[in-house]
$ cat work.txt   # compact mmCIF, C-alpha atoms
# COMPACT_ATOMS: atom_id res chain seq x y z
CA MET A 87 -7.54 1.18 9.77
CA LYS A 88 -3.81 1.69 9.53
CA THR A 89 -0.91 3.43 7.82
CA HIS A 90 2.11 2.15 5.95
CA THR A 91 5.22 4.10 4.97
CA GLU A 92 7.96 3.44 2.46
CA TYR A 93 10.73 5.57 1.02
CA LEU A 94 12.08 5.15 -2.49
CA THR A 95 15.59 6.31 -3.26
CA ILE A 96 16.03 7.28 -6.89
CA GLN A 97 19.32 8.20 -8.50
CA THR A 98 18.94 9.10 -12.14
CA GLN A 99 21.77 8.90 -14.63
CA GLN A 100 20.90 12.23 -16.23
CA ALA A 101 20.30 15.53 -14.45
CA ARG A 102 16.85 15.60 -16.06
CA GLU A 103 15.12 12.27 -16.35
CA ILE A 104 11.63 10.80 -16.03
CA ARG A 105 11.12 7.40 -14.46
CA ALA A 106 7.94 5.32 -14.23
CA ILE A 107 7.32 4.31 -10.59
CA THR A 108 3.90 2.66 -10.85
CA GLU A 109 5.39 -0.78 -10.18
CA ASP A 110 7.18 0.48 -7.06
CA VAL A 111 3.92 1.88 -5.69
CA LYS A 112 2.05 -1.33 -6.55
CA ALA A 113 4.69 -3.40 -4.75
CA ALA A 114 4.43 -1.17 -1.67
CA LEU A 115 0.63 -1.44 -1.73
CA LYS A 116 0.91 -5.22 -1.74
CA LYS A 117 3.36 -5.08 1.16
CA SER A 118 1.00 -2.82 3.11
CA GLU A 119 -1.67 -5.53 3.03
CA MET A 120 -4.32 -2.81 2.62
CA THR A 121 -7.13 -2.96 0.10
CA GLU A 122 -8.99 0.37 0.47
CA GLY A 123 -7.55 3.84 0.96
CA LEU A 124 -5.20 6.51 -0.29
CA VAL A 125 -1.49 6.66 -1.02
CA LEU A 126 0.38 9.94 -1.22
CA VAL A 127 3.47 9.85 -3.42
CA GLY A 128 5.58 12.82 -2.38
CA SER A 129 8.94 14.13 -3.51
CA LEU A 130 11.16 15.06 -0.58
CA HIS A 131 13.01 17.54 -2.77
CA ALA A 132 11.77 20.83 -4.19
CA ASN A 133 13.35 20.13 -7.56
CA ALA A 134 11.46 17.00 -8.60
CA ALA A 135 7.83 16.22 -9.35
CA VAL A 136 5.40 13.30 -9.36
CA VAL A 137 2.67 13.23 -12.01
CA LEU A 138 0.21 10.98 -13.77
CA GLY A 139 1.05 10.67 -17.44
CA LEU A 140 1.78 8.11 -20.11
CA HIS A 141 4.74 5.77 -20.06
CA GLU A 142 5.69 6.20 -23.66
CA ALA A 143 9.12 7.41 -24.74
CA ASN A 144 7.81 10.03 -27.15
CA PHE A 145 5.49 11.47 -24.53
CA LEU A 146 8.34 11.70 -22.01
CA GLU A 147 10.27 13.80 -24.51
CA ASP A 148 7.23 16.00 -25.07
CA LEU A 149 6.80 16.44 -21.30
CA GLN A 150 10.45 17.38 -20.81
CA ALA A 151 10.36 19.91 -23.62
CA TRP A 152 7.08 21.41 -22.40
CA LEU A 153 8.25 21.83 -18.79
CA GLU A 154 11.48 23.40 -20.00
CA GLN A 155 9.51 25.72 -22.26
CA LEU A 156 7.14 26.95 -19.52
CA ALA A 157 9.83 27.45 -16.87
CA PRO A 158 13.09 27.64 -18.80
CA ALA A 159 16.52 27.49 -17.15
CA ARG A 160 17.22 31.15 -17.84
CA ASP A 161 19.97 33.25 -16.33
CA ASP A 162 17.74 36.02 -15.07
CA TYR A 163 16.06 34.34 -12.09
CA LYS A 164 16.89 36.10 -8.86
CA LEU A 165 17.44 32.80 -7.06
CA GLY A 166 20.04 31.69 -9.57
CA ARG A 167 22.52 34.29 -8.40
CA GLY A 168 24.63 32.44 -5.88
CA PHE A 169 22.15 29.74 -4.82
CA GLU A 170 22.91 26.06 -5.29
CA SER A 171 20.00 25.43 -7.62
CA ASN A 172 18.21 27.33 -10.36
CA ALA A 173 14.67 28.60 -9.74
CA SER A 174 13.67 26.87 -12.97
CA THR A 175 13.73 23.41 -11.37
CA VAL A 176 11.50 24.46 -8.46
CA LEU A 177 9.06 26.26 -10.76
CA GLN A 178 8.81 23.14 -12.91
CA SER A 179 8.11 21.13 -9.74
CA ILE A 180 5.28 23.53 -8.81
CA LEU A 181 3.94 23.40 -12.37
CA ALA A 182 3.81 19.60 -12.46
CA GLY A 183 3.15 19.05 -8.75
CA ALA A 184 5.38 17.41 -6.13
CA GLN A 185 2.70 15.55 -4.12
CA LEU A 186 0.46 13.11 -5.93
CA PRO A 187 -2.39 11.34 -4.10
CA VAL A 188 -3.86 8.20 -5.65
CA SER A 189 -6.64 6.02 -4.28
CA PHE A 190 -6.77 2.24 -4.20
CA SER A 191 -9.76 -0.08 -4.12
CA GLU A 192 -9.98 -3.86 -3.78
CA GLY A 193 -6.22 -3.94 -3.49
CA ARG A 194 -5.52 -2.11 -6.76
CA LEU A 195 -4.49 1.45 -7.56
CA ASP A 196 -7.38 3.40 -9.09
CA LEU A 197 -5.63 4.14 -12.38
CA GLY A 198 -6.88 3.92 -15.92
CA PRO A 199 -5.18 1.52 -18.35
CA TRP A 200 -2.94 4.23 -19.82
CA GLN A 201 -2.13 6.15 -16.67
CA GLU A 202 1.35 5.82 -15.29
CA LEU A 203 2.93 7.31 -12.16
CA LEU A 204 5.95 9.28 -13.29
CA TYR A 205 8.79 10.60 -11.15
CA VAL A 206 10.15 13.68 -12.89
CA GLU A 207 13.71 14.55 -11.91
CA PHE A 208 15.04 18.05 -12.62
CA ASP A 209 18.34 17.84 -10.74
CA GLY A 210 19.42 14.23 -10.40
CA GLN A 211 22.63 12.21 -10.56
CA ARG A 212 22.49 11.86 -6.77
CA PRO A 213 20.19 9.97 -4.37
CA LYS A 214 16.78 11.62 -4.13
CA ARG A 215 13.94 10.43 -1.88
CA VAL A 216 10.24 9.87 -2.45
CA VAL A 217 7.82 9.02 0.35
CA LEU A 218 4.91 6.59 -0.16
CA LYS A 219 2.36 7.07 2.62
CA PHE A 220 -0.57 4.68 2.66
CA ILE A 221 -3.62 5.23 4.82
CA GLY A 222 -6.63 2.95 4.79
CA GLU A 223 -7.60 -0.56 5.72
CA MET B 393 -13.09 4.90 10.52
CA LYS B 394 -14.06 3.72 7.08
CA THR B 395 -13.84 4.24 3.32
CA HIS B 396 -16.45 4.78 0.64
CA THR B 397 -15.97 4.53 -3.12
CA GLU B 398 -18.04 5.76 -6.03
CA TYR B 399 -17.34 6.08 -9.72
CA LEU B 400 -18.84 8.79 -11.91
CA THR B 401 -19.21 8.18 -15.61
CA ILE B 402 -19.12 11.38 -17.62
CA GLN B 403 -19.76 11.61 -21.33
CA THR B 404 -19.46 15.14 -22.63
CA GLN B 405 -21.12 16.35 -25.82
CA GLN B 406 -18.04 18.22 -26.96
CA ALA B 407 -14.50 16.88 -27.20
CA ARG B 408 -13.44 19.69 -24.85
CA GLU B 409 -15.90 20.56 -22.13
CA ILE B 410 -15.90 21.59 -18.47
CA ARG B 411 -18.55 20.26 -16.11
CA ALA B 412 -19.24 21.22 -12.49
CA ILE B 413 -19.29 18.08 -10.31
CA THR B 414 -19.60 19.61 -6.82
CA GLU B 415 -23.16 18.33 -6.47
CA ASP B 416 -22.12 14.79 -7.43
CA VAL B 417 -19.42 14.80 -4.77
CA LYS B 418 -21.81 16.26 -2.17
CA ALA B 419 -24.35 13.52 -2.95
CA ALA B 420 -21.68 10.83 -2.58
CA LEU B 421 -20.55 12.35 0.72
CA LYS B 422 -24.10 12.18 2.03
CA LYS B 423 -24.36 8.57 0.89
CA SER B 424 -21.07 7.72 2.63
CA GLU B 425 -22.59 8.76 5.97
CA MET B 426 -19.21 10.20 6.96
CA THR B 427 -18.76 13.61 8.54
CA GLU B 428 -14.97 14.04 8.89
CA GLY B 429 -12.24 13.13 6.44
CA LEU B 430 -10.87 13.45 2.93
CA VAL B 431 -12.23 12.70 -0.51
CA LEU B 432 -9.96 12.23 -3.51
CA VAL B 433 -11.56 13.07 -6.85
CA GLY B 434 -9.43 11.37 -9.48
CA SER B 435 -9.66 11.15 -13.24
CA LEU B 436 -9.12 7.60 -14.51
CA HIS B 437 -7.92 8.97 -17.84
CA ALA B 438 -4.69 10.84 -18.59
CA ASN B 439 -6.53 13.33 -20.83
CA ALA B 440 -8.87 14.93 -18.31
CA ALA B 441 -8.39 17.01 -15.17
CA VAL B 442 -10.16 17.89 -11.91
CA VAL B 443 -9.69 21.38 -10.50
CA LEU B 444 -11.14 23.91 -8.10
CA GLY B 445 -12.40 26.98 -9.95
CA LEU B 446 -15.47 29.09 -10.43
CA HIS B 447 -18.68 27.83 -11.97
CA GLU B 448 -19.26 30.81 -14.19
CA ALA B 449 -19.62 30.50 -17.95
CA ASN B 450 -17.16 33.28 -18.75
CA PHE B 451 -14.54 31.79 -16.47
CA LEU B 452 -14.92 28.38 -18.10
CA GLU B 453 -14.16 29.99 -21.46
CA ASP B 454 -11.13 31.72 -19.97
CA LEU B 455 -9.92 28.44 -18.48
CA GLN B 456 -10.31 26.58 -21.79
CA ALA B 457 -8.45 29.26 -23.70
CA TRP B 458 -5.67 29.46 -21.12
CA LEU B 459 -5.08 25.69 -21.04
CA GLU B 460 -5.04 25.60 -24.82
CA GLN B 461 -2.60 28.49 -24.88
CA LEU B 462 -0.12 26.90 -22.44
CA ALA B 463 -0.18 23.43 -24.02
CA PRO B 464 -1.55 23.96 -27.52
CA ALA B 465 -2.65 21.12 -29.79
CA ARG B 466 0.29 21.56 -32.10
CA ASP B 467 1.47 19.16 -34.77
CA ASP B 468 5.05 18.94 -33.57
CA TYR B 469 4.67 16.79 -30.45
CA LYS B 470 6.55 13.54 -30.76
CA LEU B 471 3.64 11.57 -29.27
CA GLY B 472 1.23 12.85 -31.91
CA ARG B 473 2.91 10.83 -34.62
CA GLY B 474 0.90 7.65 -34.72
CA PHE B 475 -0.48 7.59 -31.17
CA GLU B 476 -4.19 7.67 -30.49
CA SER B 477 -4.13 10.93 -28.60
CA ASN B 478 -2.22 14.18 -28.80
CA ALA B 479 0.35 15.02 -26.12
CA SER B 480 -1.44 18.33 -25.69
CA THR B 481 -4.34 16.75 -23.77
CA VAL B 482 -2.04 14.96 -21.32
CA LEU B 483 0.09 18.07 -20.76
CA GLN B 484 -3.05 20.08 -20.03
CA SER B 485 -4.06 17.38 -17.54
CA ILE B 486 -0.68 17.66 -15.81
CA LEU B 487 -0.92 21.47 -15.82
CA ALA B 488 -4.37 21.50 -14.20
CA GLY B 489 -3.98 18.32 -12.16
CA ALA B 490 -5.83 15.00 -12.47
CA GLN B 491 -6.18 14.13 -8.76
CA LEU B 492 -7.90 16.63 -6.47
CA PRO B 493 -8.16 15.99 -2.73
CA VAL B 494 -10.77 17.92 -0.73
CA SER B 495 -11.50 17.67 2.99
CA PHE B 496 -14.91 17.56 4.64
CA SER B 497 -15.90 18.58 8.16
CA GLU B 498 -19.20 18.27 10.01
CA GLY B 499 -20.63 16.54 6.94
CA ARG B 500 -19.78 19.34 4.50
CA LEU B 501 -17.04 19.76 1.89
CA ASP B 502 -14.46 22.34 3.01
CA LEU B 503 -15.01 24.72 0.11
CA GLY B 504 -15.39 28.47 0.04
CA PRO B 505 -18.63 29.99 -1.25
CA TRP B 506 -17.24 30.55 -4.76
CA GLN B 507 -15.23 27.37 -5.14
CA GLU B 508 -16.56 24.75 -7.49
CA LEU B 509 -15.23 21.30 -8.35
CA LEU B 510 -14.73 21.21 -12.10
CA TYR B 511 -14.18 18.17 -14.30
CA VAL B 512 -12.18 19.31 -17.31
CA GLU B 513 -12.52 17.06 -20.34
CA PHE B 514 -9.94 17.28 -23.13
CA ASP B 515 -11.01 14.28 -25.20
CA GLY B 516 -14.65 13.46 -24.54
CA GLN B 517 -17.70 12.32 -26.48
CA ARG B 518 -17.29 8.87 -24.92
CA PRO B 519 -17.75 7.50 -21.38
CA LYS B 520 -14.95 8.63 -19.07
CA ARG B 521 -14.59 7.64 -15.42
CA VAL B 522 -13.85 9.57 -12.25
CA VAL B 523 -13.24 7.90 -8.89
CA LEU B 524 -14.48 9.43 -5.63
CA LYS B 525 -12.62 7.87 -2.71
CA PHE B 526 -13.73 8.90 0.76
CA ILE B 527 -11.72 8.10 3.86
CA GLY B 528 -12.73 9.21 7.32
CA GLU B 529 -15.41 8.66 9.89
CA MET C 762 -7.51 6.50 13.94
CA LYS C 763 -8.88 10.01 14.07
CA THR C 764 -9.14 13.39 12.39
CA HIS C 765 -8.17 16.88 13.48
CA THR C 766 -9.24 20.16 11.87
CA GLU C 767 -7.86 23.67 12.11
CA TYR C 768 -8.48 26.82 10.14
CA LEU C 769 -5.83 29.47 9.57
CA THR C 770 -6.92 33.02 8.86
CA ILE C 771 -4.38 34.92 6.79
CA GLN C 772 -4.58 38.61 5.98
CA THR C 773 -1.70 39.75 3.83
CA GLN C 774 -0.55 43.36 3.65
CA GLN C 775 -0.16 43.27 -0.11
CA ALA C 776 -2.73 42.10 -2.67
CA ARG C 777 -0.14 39.58 -3.89
CA GLU C 778 2.03 38.06 -1.22
CA ILE C 779 3.62 34.70 -0.37
CA ARG C 780 3.78 33.53 3.21
CA ALA C 781 5.55 30.47 4.66
CA ILE C 782 3.10 28.41 6.72
CA THR C 783 5.20 25.35 7.56
CA GLU C 784 5.42 26.35 11.22
CA ASP C 785 1.62 26.74 11.44
CA VAL C 786 1.12 23.26 10.04
CA LYS C 787 3.77 21.82 12.38
CA ALA C 788 2.06 23.44 15.37
CA ALA C 789 -1.30 22.02 14.31
CA LEU C 790 0.26 18.56 13.87
CA LYS C 791 1.62 18.73 17.42
CA LYS C 792 -1.79 19.80 18.72
CA SER C 793 -3.43 16.89 16.86
CA GLU C 794 -1.34 14.42 18.87
CA MET C 795 -1.10 12.24 15.75
CA THR C 796 2.14 10.69 14.54
CA GLU C 797 1.21 8.92 11.27
CA GLY C 798 -1.08 10.12 8.48
CA LEU C 799 -1.89 12.84 6.00
CA VAL C 800 -2.69 16.52 6.28
CA LEU C 801 -4.46 18.39 3.52
CA VAL C 802 -3.71 22.11 3.39
CA GLY C 803 -6.50 23.68 1.38
CA SER C 804 -7.28 27.24 0.38
CA LEU C 805 -10.95 28.10 0.93
CA HIS C 806 -10.72 30.75 -1.79
CA ALA C 807 -10.33 30.25 -5.54
CA ASN C 808 -7.77 33.06 -5.76
CA ALA C 809 -5.02 31.68 -3.58
CA ALA C 810 -2.73 28.64 -3.75
CA VAL C 811 -0.72 26.36 -1.50
CA VAL C 812 2.56 24.95 -2.82
CA LEU C 813 5.82 23.35 -1.79
CA GLY C 814 8.74 25.61 -2.61
CA LEU C 815 11.73 27.30 -1.05
CA HIS C 816 11.48 29.91 1.66
CA GLU C 817 14.02 32.26 0.18
CA ALA C 818 13.22 35.87 -0.69
CA ASN C 819 14.71 35.72 -4.17
CA PHE C 820 12.79 32.57 -4.99
CA LEU C 821 9.53 34.14 -3.84
CA GLU C 822 10.13 36.97 -6.29
CA ASP C 823 10.86 34.48 -9.06
CA LEU C 824 7.67 32.57 -8.23
CA GLN C 825 5.54 35.71 -8.28
CA ALA C 826 6.97 36.84 -11.60
CA TRP C 827 6.58 33.40 -13.16
CA LEU C 828 2.93 32.99 -12.09
CA GLU C 829 2.18 36.46 -13.39
CA GLN C 830 3.90 35.65 -16.66
CA LEU C 831 1.98 32.40 -17.27
CA ALA C 832 -1.45 33.79 -16.35
CA PRO C 833 -1.08 37.56 -16.59
CA ALA C 834 -3.67 40.01 -15.29
CA ARG C 835 -4.75 41.00 -18.77
CA ASP C 836 -7.85 42.98 -19.71
CA ASP C 837 -9.16 40.48 -22.24
CA TYR C 838 -10.42 37.71 -19.97
CA LYS C 839 -14.14 37.19 -20.33
CA LEU C 840 -14.60 36.87 -16.56
CA GLY C 841 -12.99 40.26 -15.95
CA ARG C 842 -15.92 42.10 -17.49
CA GLY C 843 -18.11 42.94 -14.52
CA PHE C 844 -17.04 40.18 -12.13
CA GLU C 845 -15.50 40.96 -8.76
CA SER C 846 -12.21 39.27 -9.50
CA ASN C 847 -9.97 38.79 -12.49
CA ALA C 848 -9.69 35.34 -14.11
CA SER C 849 -5.93 35.70 -13.79
CA THR C 850 -5.97 35.03 -10.04
CA VAL C 851 -8.02 31.83 -10.41
CA LEU C 852 -5.86 30.57 -13.28
CA GLN C 853 -2.74 31.15 -11.18
CA SER C 854 -4.40 29.17 -8.38
CA ILE C 855 -5.08 26.28 -10.76
CA LEU C 856 -1.52 26.48 -12.11
CA ALA C 857 0.06 26.31 -8.65
CA GLY C 858 -2.63 24.19 -6.96
CA ALA C 859 -5.03 25.13 -4.17
CA GLN C 860 -5.03 21.82 -2.24
CA LEU C 861 -1.73 20.44 -1.03
CA PRO C 862 -1.55 17.06 0.74
CA VAL C 863 1.51 16.28 2.85
CA SER C 864 2.20 13.13 4.84
CA PHE C 865 3.64 12.90 8.34
CA SER C 866 5.56 10.06 9.97
CA GLU C 867 6.82 9.62 13.53
CA GLY C 868 5.21 12.96 14.39
CA ARG C 869 7.03 14.95 11.67
CA LEU C 870 5.96 16.32 8.32
CA ASP C 871 7.56 14.35 5.48
CA LEU C 872 9.41 17.29 3.97
CA GLY C 873 12.96 17.59 2.73
CA PRO C 874 15.32 20.06 4.42
CA TRP C 875 14.69 22.78 1.82
CA GLN C 876 10.98 22.28 1.28
CA GLU C 877 8.67 24.91 2.67
CA LEU C 878 4.88 25.10 2.63
CA LEU C 879 3.97 28.38 0.96
CA TYR C 880 0.60 30.11 0.98
CA VAL C 881 0.38 32.15 -2.21
CA GLU C 882 -2.09 35.02 -2.05
CA PHE C 883 -3.32 36.60 -5.27
CA ASP C 884 -6.06 38.85 -3.86
CA GLY C 885 -5.35 39.62 -0.23
CA GLN C 886 -5.58 42.56 2.15
CA ARG C 887 -8.62 40.89 3.76
CA PRO C 888 -9.07 37.77 5.91
CA LYS C 889 -8.66 34.59 3.87
CA ARG C 890 -9.06 31.06 5.23
CA VAL C 891 -7.01 27.90 4.90
CA VAL C 892 -8.16 24.52 6.21
CA LEU C 893 -5.75 22.02 7.75
CA LYS C 894 -7.33 18.57 7.83
CA PHE C 895 -5.37 15.82 9.53
CA ILE C 896 -6.31 12.17 9.22
CA GLY C 897 -4.31 9.38 10.78
CA GLU C 898 -3.38 8.03 14.16
$ encode --input "work.txt" --output "structure tokens"
Amino acid sequence: MKTHTEYLTIQTQQAREIRAITEDVKAALKKSEMTEGLVLVGSLHANAAVVLGLHEANFLEDLQAWLEQLAPARDDYKLGRGFESNASTVLQSILAGAQLPVSFSEGRLDLGPWQELLYVEFDGQRPKRVVLKFIGE
Amino acid sequence: MKTHTEYLTIQTQQAREIRAITEDVKAALKKSEMTEGLVLVGSLHANAAVVLGLHEANFLEDLQAWLEQLAPARDDYKLGRGFESNASTVLQSILAGAQLPVSFSEGRLDLGPWQELLYVEFDGQRPKRVVLKFIGE
Amino acid sequence: MKTHTEYLTIQTQQAREIRAITEDVKAALKKSEMTEGLVLVGSLHANAAVVLGLHEANFLEDLQAWLEQLAPARDDYKLGRGFESNASTVLQSILAGAQLPVSFSEGRLDLGPWQELLYVEFDGQRPKRVVLKFIGE
């Protein structure tokens, strides 16, 4: 049994943007030469998230609007006063989740046909890092 | 160290339904013959979730109502127009979480006395799959 | 490859309180003598959560207020009638997440410079338990 580690660097064009990263994780799994185990996809920033959703443009718009609705970028957060970032982005990360574990079996990610790994950026336009940690055999 | 994989197939009677699956995971753990490690309980569909909650009928009603309140099945999602499913079910899955890792020690799941593993179906009445991936020794 | 298990006991002074536990997890990682793998930080109670956020007093206030806003301690939950706890605390746990996996590489937790592991207590003032399960090498 062994481990394998990769880091993705993602720089989005927009401050808020959602990017499908299933293919990146599949490529890393292949490189790991493992067939059975777990991979943890983790954002190394408190203002981004990693979720399982659908890779469909309309859904991505719905997801953006919903996250913004449940933790809006208001002016009355305490953190917002003088801190570099707005609390809204971190609350949206907690809402959606920043650490996503996925299993793999027989060399394939255990995902349904419609499930897509989505990196959800709340404060982009600069290099952000995601860790892919594989453990298994 | 080794891995063990099982798939549950769950077909609920209602479109929306919550089912306790702690006993299924315990049975799979016993079958795995492992005593120390992690199990990932993952929905293979983007419109279901797996959470830790209470197995108490009143709570399940509260949970249903709360999920519906925070991501209601409205008509104004962009995805809803012509897609098979409503964005609401996927947003509720992201809210509650579709991938739940739990540890086990000395052959038992590390759960408190009131914690129950709950499969939360948002679009049932057909066979849906859940993966149980054990890794440990 | 091996596993390592520790249990934290946390008794907060307030019923609702957020405590940074990154240093506890780092100390346990050192004690495990592992350098590569995953740790699952799991609440053994359905009315607490473990999240990645910022360890900044203003943010902790924002997080408390936001959780309370999205799953308020209302009187009209069904569970509240005669049960020991209010549904609100369990819903907030599901919202924030009770089981947080984090990877570690070269002996260090894979966290960004601003990320902090936060234990979020919704019903404290008594001993509550958190499991730290390490798996790796």
$ residues_around --input "work.txt" --residues "Phe865 in chain C" --least-positions-apart "6" --cutoff "12 Å" --atoms "all atoms listed in the file" --output "ChimeraX atom specification"
/A:89-92,126,128,130,217-221 /C:786-787,789-791,793-801,871-873,895-898
$ residues_around --input "work.txt" --residues "range 777-782 of chain C" --least-positions-apart "4" --cutoff "8 Å" --atoms "all atoms listed in the file" --output "short mmCIF file (atom, residue, chain, number, x, y, z; two decimals) with C-alpha atoms, in the coordinates of the input"
data_model
loop_
_atom_site.label_atom_id
_atom_site.label_comp_id
_atom_site.auth_asym_id
_atom_site.auth_seq_id
_atom_site.Cartn_x
_atom_site.Cartn_y
_atom_site.Cartn_z
CA THR C 773 -1.70 39.75 3.83
CA VAL C 786 1.12 23.26 10.04
CA HIS C 816 11.48 29.91 1.66
CA LEU C 821 9.53 34.14 -3.84
CA GLU C 877 8.67 24.91 2.67
CA LEU C 878 4.88 25.10 2.63
CA LEU C 879 3.97 28.38 0.96
CA TYR C 880 0.60 30.11 0.98
CA VAL C 881 0.38 32.15 -2.21
CA GLU C 882 -2.09 35.02 -2.05
CA PHE C 883 -3.32 36.60 -5.27
CA ASP C 884 -6.06 38.85 -3.86
CA GLY C 885 -5.35 39.62 -0.23
#
$ closest_residue --input "work.txt" --among "A:Val127, A:Pro199, A:Leu177, A:Lys117" --to "Ala826 in chain C" --atoms "only C-alpha atoms"
A:Leu177
$ closest_residue --input "work.txt" --among "C:Gln774, C:Gln876, C:Gln886, C:Thr850" --to "chain A" --atoms "only C-alpha atoms"
C:Gln876
$ interface_residues --input "work.txt" --of "chain C" --to "chain A" --cutoff "7 Å" --atoms "all atoms listed in the file" --output "number ranges by chain"
C: 762, 797-798, 812-814, 819-820, 823-824, 856-857, 862, 864, 872-873, 875-876
$ atom_distance --input "work.txt" --atom1 "CA of Gly868 in chain C" --atom2 "CA of Leu195 in chain A"
26.6 Å
$ axis_aligned_box --input "work.txt" --around "range 180-191 of chain A" --padding-each-side "6 Å" --output "AutoDock Vina command-line options"
--center_x -2.2 --center_y 11.7 --center_z -8.3 --size_x 27.1 --size_y 35.6 --size_z 20.4
$ atom_distance --input "work.txt" --atom1 "CA of Asp467 in chain B" --atom2 "CA of Glu453 in chain B"
23.2 Å
$ atom_distance --input "work.txt" --atom1 "CA of Val188 in chain A" --atom2 "CA of Ala810 in chain C"
20.6 Å
$ closest_residue --input "work.txt" --among "B:Gln456, B:Glu498, B:Asp416, B:Leu446" --to "Ile402 in chain B" --atoms "all atoms listed in the file"
B:Asp416
